[in-house]
Structure formats: C-alpha cells, structure tokens
Amino acid sequence: MRDVAMNHASRIRARSRLLRRTIAAGVLACTAFATLAAASKSASEAARAGADIDVLHYTARIEPDLAAKTLRGHVAIRFIVRSQGAQRFDFDAGDLDIVAVSEDKQALSFEKLDKRVSVRLAAPAAAGSRHEIEIAYRGAPRFGLEFHPERSELYTVFSTSQWLVCIDAPQERATLDLTVTLPEGLKAVGNGRLMSKSALGGRREAYRWRQDAAMPSYVYGFAAGRYNEAGGTSENAALRYLSSDLQAPQLRRVFADTPDMMRFFGRRAGIRYGGTYSQVLVAKTIGQELAGLSLMSEAYGREVLDDPSAQALIAHEAAHQWWGNYVTCRDWGHFWLNEGFANFMAAAYLQHRFGDEAYRKQVDGWKRRLDKLRETGKDHALIYEHWTKPSADDRAVVYQKGAYVLHLLREELGERAFWGGIRAYTRAHYGHSVVTADFRKAMERASGRDLGEFFARWVESAEIVAKPAAPAK
C-alpha cells in the first residue's frame with residue numbers, strides 16, 4: 001500500500017501491533033487496505049488522480065524478475081474524458097519509473113510527480129470522448145508486490161499502483177485483462193477467468209486472466225508459487241485452496257468451512273457467489289482480499305490446523321467478496337462500510353457455525369476496544385472527512401466500532417428487519433460504490449423506522465467518557 005506519511009517498515013509494525021491486540025481480545029482484525037486508504041491525499045474529489053476521467057478497462061502485461069525483485073510492465077488504459085477541453089490527466093504510479101507513454105503509437109509527454117504520472121494528450125479532449133493510452137514502466141517494488149525467491153513465490157498485497165499504473169480511488173471501477181510472465185513450473189491464480197497459460201522461451205510461462213466484472217483497482221492482484229492444491233464446490237462456485245507448505249489433505253482441513261461460508265454470506269447478501277474463489281496461504285501477510293481470491297499466511301493456516309474454530313480471518317476475507325469488493329465505499333471516509341461490515345459478517349458466521357458464545361466473544365472484544373477509545377478521547381464518528389494519516393485508533397474505529405455499531409443496529413431492529421435491510425442494501429448497490437447514507441436509507445426502508453437518532457449517535461458522532469475530577473486538596 002502507498003502511504004505518503006509512513007514508510008513501509010512503520011506500516012508493517014503498526015499492522016502487526018494491531019493484529020496482536022485484536023487476537024488477544026478475540027476480535028477479528030484483518031487490516032487489509034487500511035494503509036491504501038491513507039494514500040488518499042485529500043477527501044476532495046478534485047484532488048485525486050483520475051478525477052476527470054472514467055476508466056473503463058486495463059490491459060496489462062507484467063514481467064517480474066523473481067530473483068532480482070524487479071519488474072517490467074506495460075498497461076493500456078481505456079477511459080472516457082469527463083471534462084470538456086481537458087488535456088492533462090494524472091494516474092497513480094507509486095514508486096514506478098515511467099519509460100514511455102503513447103496514444104495511437106504517438107508519443108505523449110509525461111511527468112512523474114511524487115506518486116503519480118501526469119500525462120498530456122496531443123490535443124484537448126472533448127467531454128465524452130474515448131481514449132486509450134499505453135504506458136511502459138519498470139520498478140523494484142519495496143511493497144505492493146512481495147518477492148520470496150527462496151520459496152519461488154511472489155504475490156500482490158495492498159498497493160496496486162506499486163506494480164500497475166492505475167487509479168487508486170475505490171469509486172473508480174474497471175475491468176482488467178492481466179498477463180503475468182513467470183518462471184516455468186509455478187502455479188498461479190489471479191482475478192477473474194484464466195484465459196490461457198502458454199509456454200515462452202527461456203523457461204518462462206505466461207498466465208492471462210480476464211476480470212469481466214468491473215472492480216476497484218485495489219482488489220486487482222495475483223499469487224504464484226510452487227503450490228500444492230485442493231478444492232471443492234459451494235453451490236455454483238468452484239473453490240481452490242493453495243499452499244507451498246501444506247499438503248492437499250491439510251488444505252481441505254484448513255478451509256473445510258469455506259463452502260458453508262460462501263452459502264451463508266450469499267444468503268445474507270441475497271446474491272449467490274458465482275465463478276471461482278481461491279484461498280492462498282503465502283509466506284507472510286496480515287490478510288488480503290482480492291477480486292475472486294484471498295491471501296492469508298502459512299502461519300495462520302497452521303493455526304487453523306491446531307484450532308479449527310480459528311475461522312475469523314478466513315470468514316472476514318470471504319465476506320469481502322460481497323462487502324468491500326462488489327459493494328465498495330465511495331471514498332475512504334466511508335471505509336467502515338468495507339471493514340466494519342467484514343468484521344461483523346465474520347462474527348455472524350461464527351455465530352452460525354459455533355453458536356452464540358462465539359458471536360458474543362467478538363462483540364465483547366469490539367466493546368472493550370470502543371470503551372478504550374472513549375476513555376482516551378480517541379473515539380471518532382465512523383465517517384471521516386479526511387483519511388490521510390490513519391492511526392491504530394482510527395483503524396479501530398473503522399474495524400471494531402464499525403462492527404459493534406452493526407451489532408447494535410441488529411439488536412435495535414430485530415433479526416427480520418435487520419437482515420432484510422442488509423439484503424436490500426447489498427442487492428441495490430451490488431457492483432457499485434456507496435456512502436453511509438445509502439446504507440441508512442436501506443435500513444430505514446426495511447424497518448419502516450426513522451433511524452436518524454441512531455445514526456446521529458453511533459455513526460455521525462463520537463462519545464468521550466468524562467474522567468472524574470481530581471479530589472480537592
């Protein structure tokens with residue numbers, strides 16, 4: 001993930017501290033995308049890259065060098081211009097070096113500014129006109145694309161613009177055609193349908209995937225390694241489980257509940273999952289949801305082998321296939337609609353699978369974290385005006401308080417109205433981006449109630465616990 005305010009090492013330390021705290025509290029805390037949200041330089045729409053275009057499709061070719069930990073890339077970006085007479089457009093490009101930019105084989109001028117590349121078309125564009133520019137680039141990603149040559153493994157985590165020039169903003173959805181060149185003998189998974197796997201010279205192979213449903217770029221990605229594989233089915237979904245360390249029988253044990261999870265979330269959403277869903281255990285990660293796949297660590301897989309009830313992270317990432325990927329926060333100020341939802345839905349699954357006590361354990365953990373936020377004056381409205389330098393406390397608001405507020409709303413409305421509202425909200429906005437007002441409207445329609453007071457207290461404001469006055473001397 002890109003974060004202009006924190007270096008990569010400090011982000012990893014912050015994420016590790018958060019994980020340790022939430023595990024100790026028995027609370028799910030997959031922190032996928034928290035630091036990607038920090039890449040937003042301003043809540044203002046005009047400040048973000050790509051604000052004056054609508055990206056339709058990316059066609060990308062990535063050639064990583066596993067041993068050297070570098071890459072070469074080429075992407076064609078097809079887009080529609082929104083503003084009459086616009087000529088200069090910005091794209092997120094992380095720390096990548098831009099080699100060349102062109103349109104219709106005509107070289108275009110460009111400038112790399114901080115984490116963006118600014119491209120100038122040959123002439124001012126008409127509003128509504130379509131363009132396709134091609135960008136060649138290279139880089140040595142320090143994060144975003146993880147290289148583990150000792151395991152013959154590489155995979156993407158969090159910051160797409162560190163390996164693909166794109167638009168980072170969550171409301172910008174596009175389809176993707178991705179080709180990745182890999183050493184011969186690796187097994188790879190990526191977004192969407194596998195279109196081809198072809199042998200190249202020099203003991204290399206090319207995998208090509210096509211993501212036909214438009215998705216925000218932060219859920220683009222792939223993983224490749226010398227994986228063992230097992231699989232299964234869940235209604236009309238094909239399931240794949242992969243790991244370098246674990247064998248197929250162990251993988252089936254780790255992901256034994258995945259078919260049930262996919263059915264459960266599909267029923268709660270009112271939309272069944274279709275296509276393939278892959279779960280990959282990789283060298284190290286806190287956890288990462290991508291379109292059609294999720295990444296978790298080998299260490300976590302071994303934890304589940306030891307304790308089959310340790311399903312929270314698996315459920316959290318699976319829930320994101322609905323809430324986060326298909327129904328996505330319009331901007332990072334409404335990030336709780338991704339992460340608070342995934343936390344809550346994971347707990348709801350644990351209740352379904354293991355009973356009320358498992359659910360209550362999650363709720364109690366959220367409540368303790370919220371109490372601590374209030375006691376220290378760190379509570380915050382769930383909606384953030386600016387999400388530029390999120391602290392661990394800010395993330396706790398989004399993840400733990402967000403989930404706790406959904407729990408309180410469930411108690412307030414009752415099972416029938418609450419879950420009816422969740423289904424209506426998910427169906428209405430499936431494949432689109434949302435703000436908190438969209439969620440409130442769906443819940444009010446389902447319950448027939450004005451929820452203004454509830455949202456004012458729990459969503460739009462914060463509470464601080466007053467400390468007792470010091471005794472008079």
# chains A, B, ... in the order shown; residues from 1 in each chain; ligands from 1

$ residues_around --residues "Arg253 (chain A)" --least-positions-apart "3" --cutoff "8 Å" --atoms "only C-alpha atoms" --output "list in words"
Pro249, Gln250, Ala256, Leu305 and Pro308 of chain A

$ residues_around --residues "Gly402 (chain A)" --least-positions-apart "6" --cutoff "10 Å" --atoms "only C-alpha atoms" --output "list of chain:residue names"
A:Phe335, A:Trp336, A:Leu337, A:Asn338, A:Glu339, A:Gly340, A:Phe341, A:Ala342, A:Asn343, A:Phe344, A:Trp366, A:Leu370, A:Ala381, A:Leu382, A:Ile383, A:Arg395, A:Ala396, A:Trp458, A:Val459

$ residues_around --residues "Ser152 (chain A)" --least-positions-apart "2" --cutoff "7 Å" --atoms "only C-alpha atoms" --output "PyMOL selection string"
chain A and resi 148-150+225-226

$ select_by_dssp --residues "region 86-244 of chain A" --states "strand (DSSP E)" --output "PyMOL selection string"
chain A and resi 88-92+97-103+106-107+109-113+116-120+130-139+145-148+153-156+173-183+187-190+193-200+204-216+222-225+228-234+237-243

$ closest_residue --among "A:Tyr155, A:Tyr425, A:Phe89, A:Tyr359" --to "Pro124 (chain A)" --atoms "only C-alpha atoms"
A:Phe89

$ closest_residue --among "A:Tyr227, A:Tyr349, A:Phe354, A:Trp323" --to "Ser244 (chain A)" --atoms "only C-alpha atoms"
A:Tyr227

$ residues_around --residues "Gly139 (chain A)" --least-positions-apart "2" --cutoff "6 Å" --atoms "only C-alpha atoms" --output "PyMOL selection string"
chain A and resi 70-71+96-97+141

$ residues_around --residues "Ser234 (chain A)" --least-positions-apart "5" --cutoff "10 Å" --atoms "only C-alpha atoms" --output "list in words"
Leu239, Thr258, Pro259, Asp260, Met261, Met262, Arg263, Arg272, Tyr273, Gly274, Thr276 and Tyr277 of chain A

$ write_last_selection --atoms "all heavy atoms" --output "short mmCIF file (atom, residue, chain, number, x, y, z; two decimals), in the first residue's frame"
data_model
loop_
_atom_site.label_atom_id
_atom_site.label_comp_id
_atom_site.auth_asym_id
_atom_site.auth_seq_id
_atom_site.Cartn_x
_atom_site.Cartn_y
_atom_site.Cartn_z
N LEU A 239 -14.15 -23.80 -5.74
CA LEU A 239 -13.24 -23.37 -4.68
C LEU A 239 -11.86 -23.98 -4.89
O LEU A 239 -11.75 -25.16 -5.23
CB LEU A 239 -13.79 -23.77 -3.32
CG LEU A 239 -15.21 -23.29 -3.00
CD1 LEU A 239 -15.67 -23.85 -1.66
CD2 LEU A 239 -15.27 -21.76 -2.98
N THR A 258 -15.13 -23.25 4.27
CA THR A 258 -15.33 -22.29 3.19
C THR A 258 -16.61 -22.52 2.40
O THR A 258 -17.35 -21.56 2.12
CB THR A 258 -14.11 -22.26 2.26
OG1 THR A 258 -12.97 -21.80 2.98
CG2 THR A 258 -14.35 -21.32 1.08
N PRO A 259 -16.96 -23.75 2.01
CA PRO A 259 -18.21 -23.92 1.28
C PRO A 259 -19.42 -23.40 2.06
O PRO A 259 -20.31 -22.74 1.49
CB PRO A 259 -18.29 -25.44 1.05
CG PRO A 259 -16.87 -25.89 1.09
CD PRO A 259 -16.21 -25.02 2.12
N ASP A 260 -19.45 -23.67 3.36
CA ASP A 260 -20.55 -23.20 4.19
C ASP A 260 -20.54 -21.68 4.31
O ASP A 260 -21.59 -21.04 4.31
CB ASP A 260 -20.46 -23.86 5.57
CG ASP A 260 -21.67 -23.56 6.44
OD1 ASP A 260 -22.81 -23.67 5.93
OD2 ASP A 260 -21.48 -23.22 7.63
N MET A 261 -19.35 -21.09 4.43
CA MET A 261 -19.25 -19.63 4.49
C MET A 261 -19.83 -18.98 3.24
O MET A 261 -20.58 -18.00 3.34
CB MET A 261 -17.78 -19.20 4.60
CG MET A 261 -17.14 -19.36 5.94
SD MET A 261 -15.40 -18.83 5.84
CE MET A 261 -14.80 -19.54 7.38
N MET A 262 -19.48 -19.50 2.09
CA MET A 262 -19.94 -18.89 0.85
C MET A 262 -21.46 -18.99 0.72
O MET A 262 -22.12 -18.06 0.23
CB MET A 262 -19.25 -19.54 -0.36
CG MET A 262 -17.72 -19.48 -0.30
SD MET A 262 -17.05 -17.81 -0.09
CE MET A 262 -17.15 -17.19 -1.76
N ARG A 263 -22.03 -20.11 1.17
CA ARG A 263 -23.50 -20.22 1.19
C ARG A 263 -24.11 -19.23 2.17
O ARG A 263 -25.10 -18.56 1.86
CB ARG A 263 -23.92 -21.65 1.56
CG ARG A 263 -23.70 -22.68 0.47
CD ARG A 263 -24.35 -24.00 0.84
NE ARG A 263 -23.71 -24.63 2.00
CZ ARG A 263 -22.70 -25.49 1.92
NH1 ARG A 263 -22.20 -25.81 0.73
NH2 ARG A 263 -22.18 -26.03 3.01
N ARG A 272 -25.97 -14.99 -4.64
CA ARG A 272 -25.03 -16.11 -4.56
C ARG A 272 -23.71 -15.74 -5.23
O ARG A 272 -23.68 -14.98 -6.19
CB ARG A 272 -25.61 -17.35 -5.24
CG ARG A 272 -26.81 -17.96 -4.54
CD ARG A 272 -27.26 -19.21 -5.27
NE ARG A 272 -28.36 -19.87 -4.59
CZ ARG A 272 -28.92 -21.01 -4.99
NH1 ARG A 272 -28.46 -21.61 -6.09
NH2 ARG A 272 -29.91 -21.54 -4.32
N TYR A 273 -22.65 -16.32 -4.69
CA TYR A 273 -21.34 -16.11 -5.30
C TYR A 273 -21.24 -16.98 -6.55
O TYR A 273 -21.62 -18.16 -6.54
CB TYR A 273 -20.23 -16.48 -4.31
CG TYR A 273 -18.84 -16.18 -4.84
CD1 TYR A 273 -18.28 -14.92 -4.66
CD2 TYR A 273 -18.11 -17.14 -5.55
CE1 TYR A 273 -17.02 -14.61 -5.16
CE2 TYR A 273 -16.86 -16.84 -6.05
CZ TYR A 273 -16.32 -15.58 -5.85
OH TYR A 273 -15.07 -15.28 -6.35
N GLY A 274 -20.71 -16.42 -7.63
CA GLY A 274 -20.51 -17.17 -8.85
C GLY A 274 -19.05 -17.17 -9.28
O GLY A 274 -18.29 -16.28 -8.90
N THR A 276 -15.11 -18.65 -9.59
CA THR A 276 -14.11 -19.34 -8.78
C THR A 276 -13.65 -18.45 -7.63
O THR A 276 -13.45 -17.25 -7.81
CB THR A 276 -12.89 -19.72 -9.64
OG1 THR A 276 -13.32 -20.59 -10.69
CG2 THR A 276 -11.83 -20.44 -8.81
N TYR A 277 -13.51 -19.04 -6.46
CA TYR A 277 -12.94 -18.33 -5.32
C TYR A 277 -11.74 -19.13 -4.84
O TYR A 277 -11.85 -20.30 -4.49
CB TYR A 277 -13.97 -18.19 -4.20
CG TYR A 277 -13.44 -17.49 -2.96
CD1 TYR A 277 -12.84 -16.24 -3.05
CD2 TYR A 277 -13.55 -18.09 -1.70
CE1 TYR A 277 -12.36 -15.60 -1.92
CE2 TYR A 277 -13.07 -17.45 -0.57
CZ TYR A 277 -12.48 -16.20 -0.68
OH TYR A 277 -12.01 -15.57 0.44
#

$ residues_around --residues "Val157 (chain A)" --least-positions-apart "6" --cutoff "10 Å" --atoms "only C-alpha atoms" --output "JSON, numbers by chain"
{"A": [1, 32, 33, 143, 144, 145, 146, 218, 219, 220, 221, 222, 223, 285, 286, 287, 288, 289, 290, 295]}

$ residues_around --residues "Gln171 (chain A)" --least-positions-apart "6" --cutoff "8 Å" --atoms "only C-alpha atoms" --output "PDB file with all heavy atoms, in the first residue's frame"
ATOM      1  N   PRO A 216     -12.787  -2.106  -8.333  1.00  0.00           N
ATOM      2  CA  PRO A 216     -11.782  -1.097  -7.988  1.00  0.00           C
ATOM      3  C   PRO A 216     -10.389  -1.697  -8.046  1.00  0.00           C
ATOM      4  O   PRO A 216     -10.197  -2.879  -7.761  1.00  0.00           O
ATOM      5  CB  PRO A 216     -12.168  -0.691  -6.558  1.00  0.00           C
ATOM      6  CG  PRO A 216     -12.967  -1.841  -6.028  1.00  0.00           C
ATOM      7  CD  PRO A 216     -13.659  -2.439  -7.196  1.00  0.00           C
ATOM      8  N   THR A 328     -18.686  -1.291  -2.513  1.00  0.00           N
ATOM      9  CA  THR A 328     -17.420  -0.659  -2.112  1.00  0.00           C
ATOM     10  C   THR A 328     -17.663   0.763  -1.619  1.00  0.00           C
ATOM     11  O   THR A 328     -18.469   1.490  -2.213  1.00  0.00           O
ATOM     12  CB  THR A 328     -16.456  -0.595  -3.314  1.00  0.00           C
ATOM     13  OG1 THR A 328     -16.387  -1.868  -3.945  1.00  0.00           O
ATOM     14  CG2 THR A 328     -15.077  -0.148  -2.897  1.00  0.00           C
ATOM     15  N   CYS A 329     -16.969   1.161  -0.578  1.00  0.00           N
ATOM     16  CA  CYS A 329     -17.061   2.551  -0.123  1.00  0.00           C
ATOM     17  C   CYS A 329     -16.664   3.490  -1.262  1.00  0.00           C
ATOM     18  O   CYS A 329     -15.727   3.234  -1.995  1.00  0.00           O
ATOM     19  CB  CYS A 329     -16.180   2.773   1.098  1.00  0.00           C
ATOM     20  SG  CYS A 329     -14.413   2.471   0.855  1.00  0.00           S
ATOM     21  N   ARG A 330     -17.437   4.576  -1.390  1.00  0.00           N
ATOM     22  CA  ARG A 330     -17.176   5.514  -2.484  1.00  0.00           C
ATOM     23  C   ARG A 330     -15.867   6.264  -2.294  1.00  0.00           C
ATOM     24  O   ARG A 330     -15.185   6.632  -3.252  1.00  0.00           O
ATOM     25  CB  ARG A 330     -18.337   6.499  -2.624  1.00  0.00           C
ATOM     26  CG  ARG A 330     -18.263   7.362  -3.884  1.00  0.00           C
ATOM     27  CD  ARG A 330     -19.529   8.186  -4.047  1.00  0.00           C
ATOM     28  NE  ARG A 330     -20.699   7.332  -4.142  1.00  0.00           N
ATOM     29  CZ  ARG A 330     -21.949   7.788  -4.096  1.00  0.00           C
ATOM     30  NH1 ARG A 330     -22.179   9.087  -3.948  1.00  0.00           N
ATOM     31  NH2 ARG A 330     -22.963   6.951  -4.195  1.00  0.00           N
ATOM     32  N   ASP A 331     -15.524   6.558  -1.063  1.00  0.00           N
ATOM     33  CA  ASP A 331     -14.216   7.126  -0.746  1.00  0.00           C
ATOM     34  C   ASP A 331     -13.818   6.602   0.618  1.00  0.00           C
ATOM     35  O   ASP A 331     -14.609   6.017   1.346  1.00  0.00           O
ATOM     36  CB  ASP A 331     -14.237   8.659  -0.800  1.00  0.00           C
ATOM     37  CG  ASP A 331     -15.198   9.268   0.201  1.00  0.00           C
ATOM     38  OD1 ASP A 331     -14.951   9.142   1.418  1.00  0.00           O
ATOM     39  OD2 ASP A 331     -16.190   9.883  -0.214  1.00  0.00           O
ATOM     40  N   HIS A 432     -21.439  -1.509  -7.299  1.00  0.00           N
ATOM     41  CA  HIS A 432     -21.359  -0.051  -7.255  1.00  0.00           C
ATOM     42  C   HIS A 432     -20.671   0.398  -5.964  1.00  0.00           C
ATOM     43  O   HIS A 432     -20.382  -0.403  -5.079  1.00  0.00           O
ATOM     44  CB  HIS A 432     -22.758   0.560  -7.345  1.00  0.00           C
ATOM     45  CG  HIS A 432     -23.484   0.194  -8.593  1.00  0.00           C
ATOM     46  ND1 HIS A 432     -23.232   0.783  -9.824  1.00  0.00           N
ATOM     47  CD2 HIS A 432     -24.454  -0.730  -8.813  1.00  0.00           C
ATOM     48  CE1 HIS A 432     -24.015   0.250 -10.736  1.00  0.00           C
ATOM     49  NE2 HIS A 432     -24.766  -0.672 -10.157  1.00  0.00           N
ATOM     50  N   SER A 433     -20.449   1.709  -5.882  1.00  0.00           N
ATOM     51  CA  SER A 433     -19.849   2.304  -4.701  1.00  0.00           C
ATOM     52  C   SER A 433     -20.913   3.015  -3.881  1.00  0.00           C
ATOM     53  O   SER A 433     -21.914   3.498  -4.423  1.00  0.00           O
ATOM     54  CB  SER A 433     -18.739   3.282  -5.105  1.00  0.00           C
ATOM     55  OG  SER A 433     -17.724   2.602  -5.811  1.00  0.00           O
TER      56      SER A 433
END

$ closest_residue --among "A:Ser294, A:Gln162, A:Thr426, A:Ser391" --to "Phe265 (chain A)" --atoms "only C-alpha atoms"
A:Thr426

$ closest_residue --among "A:Ala188, A:Glu317, A:Arg369, A:Asp438" --to "Ala392 (chain A)" --atoms "only C-alpha atoms"
A:Arg369

$ decode --residues "region 338-361 of chain A" --atoms "C-alpha atoms" --output "PDB file, in the first residue's frame"
ATOM      1  CA  ASN A 338     -15.934  -2.210   3.872  1.00  0.00           C
ATOM      2  CA  GLU A 339     -14.125  -3.218   7.043  1.00  0.00           C
ATOM      3  CA  GLY A 340     -16.760  -2.823   9.756  1.00  0.00           C
ATOM      4  CA  PHE A 341     -19.043  -4.932   7.570  1.00  0.00           C
ATOM      5  CA  ALA A 342     -16.450  -7.652   7.008  1.00  0.00           C
ATOM      6  CA  ASN A 343     -15.725  -7.844  10.751  1.00  0.00           C
ATOM      7  CA  PHE A 344     -19.404  -8.036  11.620  1.00  0.00           C
ATOM      8  CA  MET A 345     -20.218 -10.578   8.919  1.00  0.00           C
ATOM      9  CA  ALA A 346     -17.352 -12.794  10.054  1.00  0.00           C
ATOM     10  CA  ALA A 347     -18.760 -12.732  13.589  1.00  0.00           C
ATOM     11  CA  ALA A 348     -22.229 -13.532  12.256  1.00  0.00           C
ATOM     12  CA  TYR A 349     -20.756 -16.551  10.523  1.00  0.00           C
ATOM     13  CA  LEU A 350     -19.020 -17.682  13.724  1.00  0.00           C
ATOM     14  CA  GLN A 351     -22.407 -17.459  15.440  1.00  0.00           C
ATOM     15  CA  HIS A 352     -23.948 -19.605  12.705  1.00  0.00           C
ATOM     16  CA  ARG A 353     -21.101 -22.124  12.843  1.00  0.00           C
ATOM     17  CA  PHE A 354     -20.163 -22.270  16.533  1.00  0.00           C
ATOM     18  CA  GLY A 355     -23.062 -20.715  18.413  1.00  0.00           C
ATOM     19  CA  ASP A 356     -23.987 -17.551  20.303  1.00  0.00           C
ATOM     20  CA  GLU A 357     -20.970 -17.667  22.612  1.00  0.00           C
ATOM     21  CA  ALA A 358     -18.568 -17.322  19.673  1.00  0.00           C
ATOM     22  CA  TYR A 359     -20.504 -14.283  18.438  1.00  0.00           C
ATOM     23  CA  ARG A 360     -20.670 -12.732  21.901  1.00  0.00           C
ATOM     24  CA  LYS A 361     -16.906 -13.106  22.275  1.00  0.00           C
TER      25      LYS A 361
END
